Amino acid sequence: MVRRYTQEHTFLHPWERVTSACWRKYTDPENTSRLSHILEVDTLQRRLDPNGKLFTKRAITVNAPGPWWFQKIVGETVCHCIEESSVDASQKAMEMVTRNVTLKDFVSVEEKCWYSPHPQNANWTVLKQETSISCHTLSGLASMAEKIEQRCVEKFQQNSAKGREVMEHVCSYLESLSKESLSKET
């Protein structure tokens, strides 16, 4: 069985600020405790195509999904993921896809995020997020697999909310820097 859910969030900040905050959210020292499930983030590849579109691949290490007893069964407490993103500044479009590359024999998680200007207010940004989670090896124990998937979904939703809080914090910080810079120029 695959659990899927979607979320949408509106940031009351322009697209440029939100996408900038997106790159900074894991490195913001004030938010380390909110994102305690993120253990490490490394940029593996970054390239700019001839049309000016930015492509990035990052390795993200997180605490393994699921309840503690599931981690005992699979013998892992961490999970490695790959995040691939594309940013088209001319179209104000950012897309990120994150998939786990370890624990795939047990559970598969895929998160897709799209950032774009809000259709009614160009100074706001819409985040659309789709997530799918599927347990594999426990398919013979359907009720257990469903419980693990449900627990993963709940944890993922909690972590997504924390991530949005961090994004809001970083956006506010970037906004204050922008205002400070403008006041120094005058």
# chains A, B, ... in the order shown; residues from 1 in each chain; ligands from 1

call {"tool": "select_by_dssp", "arguments": {"residues": "chain A", "states": "helix (DSSP H, G or I)", "output": "PyMOL selection string"}}
result
chain A and resi 15-24+29-31+68-74+142-185

call {"tool": "select_by_dssp", "arguments": {"residues": "region 3-157 of chain A", "states": "strand (DSSP E or B)", "output": "VMD selection string"}}
result
chain A and resid 3 to 11 38 to 48 54 to 63 78 to 88 93 to 100 107 to 117 125 to 135

call {"tool": "closest_atom_pairs", "arguments": {"of": "region 114-166 of chain A", "to": "region 37-44 of chain A", "cutoff": "12 Å", "atoms": "only C-alpha atoms", "output": "JSON lines"}}
result
{"residue": "A:Lys155", "atom": "CA", "partner": "A:His37", "partner_atom": "CA", "distance": 10.0}
{"residue": "A:Phe156", "atom": "CA", "partner": "A:His37", "partner_atom": "CA", "distance": 10.1}
{"residue": "A:Gln158", "atom": "CA", "partner": "A:His37", "partner_atom": "CA", "distance": 10.7}
{"residue": "A:Asn159", "atom": "CA", "partner": "A:His37", "partner_atom": "CA", "distance": 7.8}
{"residue": "A:Ser160", "atom": "CA", "partner": "A:His37", "partner_atom": "CA", "distance": 10.9}
{"residue": "A:Lys162", "atom": "CA", "partner": "A:His37", "partner_atom": "CA", "distance": 10.2}
{"residue": "A:Gly163", "atom": "CA", "partner": "A:Ile38", "partner_atom": "CA", "distance": 10.3}

call {"tool": "closest_residue", "arguments": {"among": "A:Glu111, A:Lys147, A:Asp88, A:Trp68", "to": "Pro50 (chain A)", "atoms": "only C-alpha atoms"}}
result
A:Asp88

call {"tool": "atom_distance", "arguments": {"atom1": "CA of Val87 (chain A)", "atom2": "CA of Glu154 (chain A)"}}
result
28.9 Å

call {"tool": "closest_residue", "arguments": {"among": "A:Gln157, A:Gln91, A:Asn31, A:Ser36", "to": "Asn51 (chain A)", "atoms": "only C-alpha atoms"}}
result
A:Gln91

call {"tool": "closest_atom_pairs", "arguments": {"of": "region 71-114 of chain A", "to": "region 119-128 of chain A", "cutoff": "12 Å", "atoms": "only C-alpha atoms", "output": "JSON lines"}}
result
{"residue": "A:Lys92", "atom": "CA", "partner": "A:Thr125", "partner_atom": "CA", "distance": 9.8}
{"residue": "A:Ala93", "atom": "CA", "partner": "A:Thr125", "partner_atom": "CA", "distance": 10.2}
{"residue": "A:Met94", "atom": "CA", "partner": "A:Leu127", "partner_atom": "CA", "distance": 9.5}
{"residue": "A:Glu95", "atom": "CA", "partner": "A:Lys128", "partner_atom": "CA", "distance": 9.6}
{"residue": "A:Met96", "atom": "CA", "partner": "A:Lys128", "partner_atom": "CA", "distance": 10.5}
{"residue": "A:Val97", "atom": "CA", "partner": "A:Lys128", "partner_atom": "CA", "distance": 11.8}
{"residue": "A:Glu111", "atom": "CA", "partner": "A:Lys128", "partner_atom": "CA", "distance": 10.4}
{"residue": "A:Lys112", "atom": "CA", "partner": "A:Lys128", "partner_atom": "CA", "distance": 8.1}
{"residue": "A:Cys113", "atom": "CA", "partner": "A:Lys128", "partner_atom": "CA", "distance": 5.6}
{"residue": "A:Trp114", "atom": "CA", "partner": "A:Lys128", "partner_atom": "CA", "distance": 5.2}

call {"tool": "write_last_selection", "arguments": {"atoms": "N, CA and C atoms", "output": "short mmCIF file (atom, residue, chain, number, x, y, z; two decimals), in the first residue's frame"}}
result
data_model
loop_
_atom_site.label_atom_id
_atom_site.label_comp_id
_atom_site.auth_asym_id
_atom_site.auth_seq_id
_atom_site.Cartn_x
_atom_site.Cartn_y
_atom_site.Cartn_z
N LYS A 92 10.36 32.00 -12.44
CA LYS A 92 10.06 31.94 -11.01
C LYS A 92 9.46 30.59 -10.64
N ALA A 93 10.22 29.56 -10.95
CA ALA A 93 9.78 28.19 -10.67
C ALA A 93 10.94 27.42 -10.03
N MET A 94 10.64 26.79 -8.91
CA MET A 94 11.61 25.93 -8.24
C MET A 94 10.93 24.61 -7.94
N GLU A 95 11.62 23.52 -8.28
CA GLU A 95 11.09 22.18 -8.03
C GLU A 95 12.17 21.38 -7.31
N MET A 96 11.75 20.64 -6.29
CA MET A 96 12.67 19.78 -5.54
C MET A 96 12.04 18.41 -5.41
N VAL A 97 12.84 17.37 -5.65
CA VAL A 97 12.38 15.99 -5.48
C VAL A 97 13.40 15.30 -4.59
N GLU A 111 9.33 12.86 -1.87
CA GLU A 111 8.71 14.16 -1.61
C GLU A 111 8.99 15.05 -2.82
N LYS A 112 7.94 15.68 -3.32
CA LYS A 112 8.08 16.65 -4.41
C LYS A 112 7.55 17.99 -3.91
N CYS A 113 8.33 19.04 -4.13
CA CYS A 113 7.94 20.39 -3.72
C CYS A 113 8.07 21.34 -4.90
N TRP A 114 7.08 22.20 -5.03
CA TRP A 114 7.10 23.23 -6.06
C TRP A 114 6.89 24.58 -5.40
#

call {"tool": "residues_around", "arguments": {"residues": "Glu110 (chain A)", "least_positions_apart": "2", "cutoff": "7 Å", "atoms": "only C-alpha atoms", "output": "VMD selection string"}}
result
chain A and resid 98 to 99 108 112 131 to 133

call {"tool": "write_last_selection", "arguments": {"atoms": "N, CA and C atoms", "output": "mmCIF file, in the first residue's frame"}}
result
data_model
loop_
_atom_site.group_PDB
_atom_site.id
_atom_site.type_symbol
_atom_site.label_atom_id
_atom_site.label_comp_id
_atom_site.auth_asym_id
_atom_site.auth_seq_id
_atom_site.Cartn_x
_atom_site.Cartn_y
_atom_site.Cartn_z
ATOM 1 N N THR A 98 12.910 14.719 -3.499
ATOM 2 C CA THR A 98 13.779 14.030 -2.547
ATOM 3 C C THR A 98 13.300 12.590 -2.415
ATOM 4 N N ARG A 99 14.268 11.660 -2.506
ATOM 5 C CA ARG A 99 13.968 10.231 -2.385
ATOM 6 C C ARG A 99 15.006 9.584 -1.479
ATOM 7 N N SER A 108 9.931 3.219 1.043
ATOM 8 C CA SER A 108 10.284 4.210 0.028
ATOM 9 C C SER A 108 9.540 5.496 0.331
ATOM 10 N N LYS A 112 7.942 15.683 -3.316
ATOM 11 C CA LYS A 112 8.076 16.649 -4.409
ATOM 12 C C LYS A 112 7.553 17.988 -3.908
ATOM 13 N N THR A 131 3.783 13.969 -1.144
ATOM 14 C CA THR A 131 4.631 12.960 -0.519
ATOM 15 C C THR A 131 3.981 11.593 -0.678
ATOM 16 N N SER A 132 4.802 10.595 -0.984
ATOM 17 C CA SER A 132 4.311 9.213 -1.008
ATOM 18 C C SER A 132 5.258 8.354 -0.180
ATOM 19 N N ILE A 133 4.662 7.465 0.607
ATOM 20 C CA ILE A 133 5.407 6.587 1.507
ATOM 21 C C ILE A 133 4.855 5.180 1.339
#

call {"tool": "atom_distance", "arguments": {"atom1": "CA of Val62 (chain A)", "atom2": "CA of Thr77 (chain A)"}}
result
8.7 Å

call {"tool": "atom_distance", "arguments": {"atom1": "CA of His169 (chain A)", "atom2": "CA of Val78 (chain A)"}}
result
26.7 Å
